[in-house]
Structures are given as structure tokens and as C-alpha cells.
Amino acid sequence: MSVAEEPLRVAVGKSTGEVSAVLQRPPDAFALVVLAHGAGADMHHRFMVEIAGALVERRVAVLRYQFPYTERGHKRPDPPARLHATVRAVVAEGLRRAEGLPVLAGGKSMGGRMTSQAAAAGELPGVRGVVFLGFPLHPAKEPSTTRAAHLAEVSVPMLFLQGTRDPLAPLPSITEVVRGLGSRAHLHVVEDADHSFAVRKTRGHDPAAVIPGLADAMVSWLAAMGSGATAGNGHGR
């Protein structure tokens, strides 16, 4: 299924201005996911484009967006307050455009973490769940779980999509974090994937299967939550 991208401009605030966003909505969508990019990329990165396309094939509308620093062409992320403000503004736009569809929010690495921090602060009313495409549990070579402390304050369901070779979230550590969150958190493990969800052909893994697998896991989670009760298993592949 090919769905055209609708370019948007979303106002964040007077001091920040607007950021770019792209909405893809299949005509029979059963949910809408607001996705933020990671620290080292933007919404046009191949991973973001491909995961959005795979979700659209599965009847999930996707709204992906820039943070202010990538909008300006900079590499250094904005301060957390500005990132949170952007999450709030784009999620609000997603809720307006959802037209009754359940709305989820999250993103790749930093984008997911900023979304969950906003959710933990009670700033994302109306969002049904949070999705992490590689939660960055700690900086490189600095093992810790302090970045996960705020997750206890997130009241909605959470889906963690994590690779077994992710150096920013060793599997035993992220497994323990998810277990501690109880029934509202679910962990989906991608065998041999690193933080970018790259897998090794030399170990018998198919890189082309990773994105579809992530999308299938997200749709299954949505269905289990009840928001995707009519989703079924069919898609336009």
C-alpha cells in the first residue's frame, strides 16, 4: 500500500517556532502513531521512513516529525525542555488529526525517551500508549538504569522493541526494567539487532526482515491492547 505523505508545520512555541512533520494515513487506518526520531538522525532517516511505511501497510497512520535542532540542520540535541515541548505540540496535532482513532506516541532512541518523559509528567493526555524503538537505557559505556526511573510514572501501556546487541540497553538490564514496570509494559526482543536494529547476515539473520518484524510486533501489541481489535493480520505487502 502506497500512501502519500502530507507535509505539515507544527507550532511549538514563540521562542521555538515551527517544526516540520509528515502525516501518512491509510484510508482504513485503525490507529495513529506519533513517532520522533533519534538523537543522531532526523525524520527523513531511512529507518524512520521504512518503519513508517511498514506501519502504513498494516493500516496504522504515522505522524513523524523533526525536533527544533534537526529543523535548523544542527547535530546537537536541544535541551530536554524544548524537546518535551515539541513532543507535546506534535502529539496534540496528532490527536486533532486522528479523528477518533486511538493515538500512540514514541520514537527511536532519544525520541522515545523524550516522549516517555513527557508522558511521565502527565503532559500527553489522550495518548493510549508509548512505543520505544530501542530505549537508550544509558549512554555508551556508562552502564546504569537511572534513565528508566521516570518510566514508573508513565500510566499508559508501553512497548519496548529492543535488540540483543544494543550497547545502550543490555538485554538483562532492559528485561529487568520492563519486568519492574509490571503488566503495563511489554518487551519484544529482536535477535542479534544492535541499537540501530542492524543484524548480521554472517550470523544467519535477514536485515530485510527486521523492519516488517518491528511493525508486526507493534500491530500485535495494539491489537492486544484493544485499540486494534479490528486490525487483523492482513496488510498490503
# chains A, B, ... in the order shown; residues from 1 in each chain; ligands from 1
>>> residues_around(residues="Ala54 in chain A", least_positions_apart="3", cutoff="12 Å", atoms="only C-alpha atoms", output="ChimeraX atom specification")
/A:1-3,24,26,47-51,57-62,208-219,235-237
>>> atom_distance(atom1="CA of Lys75 in chain A", atom2="CA of Met110 in chain A")
13.3 Å
>>> residues_around(residues="range 5-20 of chain A", least_positions_apart="4", cutoff="6 Å", atoms="only C-alpha atoms", output="list in words")
Gln24, Tyr65, Gln66, Thr86 and Ala89 of chain A
>>> residues_around(residues="Tyr69 in chain A", least_positions_apart="5", cutoff="10 Å", atoms="only C-alpha atoms", output="count of residues only")
12
>>> closest_residue(among="A:His45, A:Arg113, A:His84, A:His186", to="Met158 in chain A", atoms="only C-alpha atoms")
A:His186
>>> closest_residue(among="A:Asp28, A:Gly126, A:Leu101, A:Gly73", to="Arg88 in chain A", atoms="only C-alpha atoms")
A:Gly126
>>> select_by_dssp(residues="range 128-176 of chain A", states="strand (DSSP E)", output="ChimeraX atom specification")
/A:128-133,158-163
>>> closest_residue(among="A:Val177, A:Arg147, A:Thr70, A:Asp166", to="Val199 in chain A", atoms="only C-alpha atoms")
A:Asp166
>>> select_by_dssp(residues="range 4-217 of chain A", states="helix (DSSP H, G or I)", output="PyMOL selection string")
chain A and resi 46-57+68-71+80-98+110-120+146-153+171-180+182-184+201-203+207-217
>>> residues_around(residues="Gly111 in chain A", least_positions_apart="2", cutoff="6 Å", atoms="only C-alpha atoms", output="MDAnalysis selection string")
chainID A and resid 36:38 107:109 113:114
>>> atom_distance(atom1="CA of Ala121 in chain A", atom2="CA of Ala92 in chain A")
15.2 Å
>>> residues_around(residues="Pro102 in chain A", least_positions_apart="3", cutoff="12 Å", atoms="only C-alpha atoms", output="JSON, numbers by chain")
{"A": [29, 30, 31, 32, 33, 34, 60, 61, 62, 91, 94, 95, 96, 97, 98, 99, 105, 125, 126, 127, 128, 129, 130, 222, 223, 225, 226, 227, 228, 229]}
>>> closest_residue(among="A:Ala118, A:Leu55, A:Leu151, A:Ala193", to="Leu181 in chain A", atoms="only C-alpha atoms")
A:Leu151
>>> decode(residues="range 72-154 of chain A", atoms="C-alpha atoms", output="PDB file, in the first residue's frame")
ATOM      1  CA  ARG A  72      17.743  24.012  11.876  1.00  0.00           C
ATOM      2  CA  GLY A  73      20.215  21.487  10.473  1.00  0.00           C
ATOM      3  CA  HIS A  74      22.142  21.182  13.727  1.00  0.00           C
ATOM      4  CA  LYS A  75      23.562  17.989  15.213  1.00  0.00           C
ATOM      5  CA  ARG A  76      23.449  18.761  18.930  1.00  0.00           C
ATOM      6  CA  PRO A  77      20.056  17.967  20.501  1.00  0.00           C
ATOM      7  CA  ASP A  78      18.007  20.703  22.099  1.00  0.00           C
ATOM      8  CA  PRO A  79      17.663  20.940  25.895  1.00  0.00           C
ATOM      9  CA  PRO A  80      15.082  18.489  27.286  1.00  0.00           C
ATOM     10  CA  ALA A  81      12.515  21.226  27.961  1.00  0.00           C
ATOM     11  CA  ARG A  82      12.453  22.174  24.282  1.00  0.00           C
ATOM     12  CA  LEU A  83      12.312  18.538  23.205  1.00  0.00           C
ATOM     13  CA  HIS A  84       9.394  17.922  25.588  1.00  0.00           C
ATOM     14  CA  ALA A  85       7.588  20.995  24.263  1.00  0.00           C
ATOM     15  CA  THR A  86       7.970  19.664  20.739  1.00  0.00           C
ATOM     16  CA  VAL A  87       6.623  16.257  21.734  1.00  0.00           C
ATOM     17  CA  ARG A  88       3.610  17.915  23.362  1.00  0.00           C
ATOM     18  CA  ALA A  89       2.895  20.104  20.342  1.00  0.00           C
ATOM     19  CA  VAL A  90       3.128  17.325  17.771  1.00  0.00           C
ATOM     20  CA  VAL A  91       1.159  14.847  19.861  1.00  0.00           C
ATOM     21  CA  ALA A  92      -1.570  17.480  20.231  1.00  0.00           C
ATOM     22  CA  GLU A  93      -1.554  17.859  16.440  1.00  0.00           C
ATOM     23  CA  GLY A  94      -1.806  14.105  16.083  1.00  0.00           C
ATOM     24  CA  LEU A  95      -4.774  13.987  18.424  1.00  0.00           C
ATOM     25  CA  ARG A  96      -6.506  16.700  16.390  1.00  0.00           C
ATOM     26  CA  ARG A  97      -5.927  14.843  13.153  1.00  0.00           C
ATOM     27  CA  ALA A  98      -6.729  11.383  14.495  1.00  0.00           C
ATOM     28  CA  GLU A  99     -10.469  11.943  14.036  1.00  0.00           C
ATOM     29  CA  GLY A 100     -11.363   9.437  16.719  1.00  0.00           C
ATOM     30  CA  LEU A 101      -8.550   6.939  16.134  1.00  0.00           C
ATOM     31  CA  PRO A 102      -6.591   5.807  19.194  1.00  0.00           C
ATOM     32  CA  VAL A 103      -3.276   7.687  19.360  1.00  0.00           C
ATOM     33  CA  LEU A 104       0.050   6.211  20.446  1.00  0.00           C
ATOM     34  CA  ALA A 105       3.335   8.094  20.732  1.00  0.00           C
ATOM     35  CA  GLY A 106       7.015   7.261  20.959  1.00  0.00           C
ATOM     36  CA  GLY A 107      10.046   7.044  18.753  1.00  0.00           C
ATOM     37  CA  LYS A 108      13.546   5.887  18.037  1.00  0.00           C
ATOM     38  CA  SER A 109      16.003   6.018  20.947  1.00  0.00           C
ATOM     39  CA  MET A 110      16.060   9.608  22.282  1.00  0.00           C
ATOM     40  CA  GLY A 111      12.724  10.345  20.628  1.00  0.00           C
ATOM     41  CA  GLY A 112      11.048   7.591  22.598  1.00  0.00           C
ATOM     42  CA  ARG A 113      12.738   8.636  25.832  1.00  0.00           C
ATOM     43  CA  MET A 114      11.644  12.259  25.446  1.00  0.00           C
ATOM     44  CA  THR A 115       8.102  11.076  24.729  1.00  0.00           C
ATOM     45  CA  SER A 116       8.024   8.933  27.855  1.00  0.00           C
ATOM     46  CA  GLN A 117       9.382  11.786  29.975  1.00  0.00           C
ATOM     47  CA  ALA A 118       6.551  13.987  28.744  1.00  0.00           C
ATOM     48  CA  ALA A 119       4.070  11.193  29.437  1.00  0.00           C
ATOM     49  CA  ALA A 120       5.504  10.657  32.924  1.00  0.00           C
ATOM     50  CA  ALA A 121       4.944  14.349  33.648  1.00  0.00           C
ATOM     51  CA  GLY A 122       1.285  13.997  32.649  1.00  0.00           C
ATOM     52  CA  GLU A 123       1.764  16.182  29.569  1.00  0.00           C
ATOM     53  CA  LEU A 124       0.304  13.820  26.946  1.00  0.00           C
ATOM     54  CA  PRO A 125      -3.389  13.432  27.819  1.00  0.00           C
ATOM     55  CA  GLY A 126      -5.210  11.353  25.260  1.00  0.00           C
ATOM     56  CA  VAL A 127      -2.247   9.159  24.353  1.00  0.00           C
ATOM     57  CA  ARG A 128      -3.103   5.454  24.763  1.00  0.00           C
ATOM     58  CA  GLY A 129       0.426   4.059  24.909  1.00  0.00           C
ATOM     59  CA  VAL A 130       4.132   4.705  24.390  1.00  0.00           C
ATOM     60  CA  VAL A 131       6.372   2.839  21.932  1.00  0.00           C
ATOM     61  CA  PHE A 132      10.174   2.626  22.228  1.00  0.00           C
ATOM     62  CA  LEU A 133      12.229   1.678  19.192  1.00  0.00           C
ATOM     63  CA  GLY A 134      15.404   0.999  21.143  1.00  0.00           C
ATOM     64  CA  PHE A 135      15.117   2.627  24.565  1.00  0.00           C
ATOM     65  CA  PRO A 136      18.542   4.170  25.406  1.00  0.00           C
ATOM     66  CA  LEU A 137      18.925   2.888  28.942  1.00  0.00           C
ATOM     67  CA  HIS A 138      22.292   4.598  29.391  1.00  0.00           C
ATOM     68  CA  PRO A 139      24.982   6.440  27.393  1.00  0.00           C
ATOM     69  CA  ALA A 140      27.599   4.361  25.615  1.00  0.00           C
ATOM     70  CA  LYS A 141      29.982   2.599  28.023  1.00  0.00           C
ATOM     71  CA  GLU A 142      28.235   4.078  31.085  1.00  0.00           C
ATOM     72  CA  PRO A 143      26.056   1.232  32.425  1.00  0.00           C
ATOM     73  CA  SER A 144      23.137   2.493  34.505  1.00  0.00           C
ATOM     74  CA  THR A 145      19.361   2.310  34.759  1.00  0.00           C
ATOM     75  CA  THR A 146      18.764   5.859  36.011  1.00  0.00           C
ATOM     76  CA  ARG A 147      17.310   6.897  32.641  1.00  0.00           C
ATOM     77  CA  ALA A 148      14.478   4.456  33.279  1.00  0.00           C
ATOM     78  CA  ALA A 149      13.451   5.892  36.649  1.00  0.00           C
ATOM     79  CA  HIS A 150      10.708   8.104  35.186  1.00  0.00           C
ATOM     80  CA  LEU A 151       9.019   5.132  33.490  1.00  0.00           C
ATOM     81  CA  ALA A 152       7.356   4.219  36.789  1.00  0.00           C
ATOM     82  CA  GLU A 153       5.306   7.397  36.392  1.00  0.00           C
ATOM     83  CA  VAL A 154       4.027   6.512  32.912  1.00  0.00           C
TER      84      VAL A 154
END
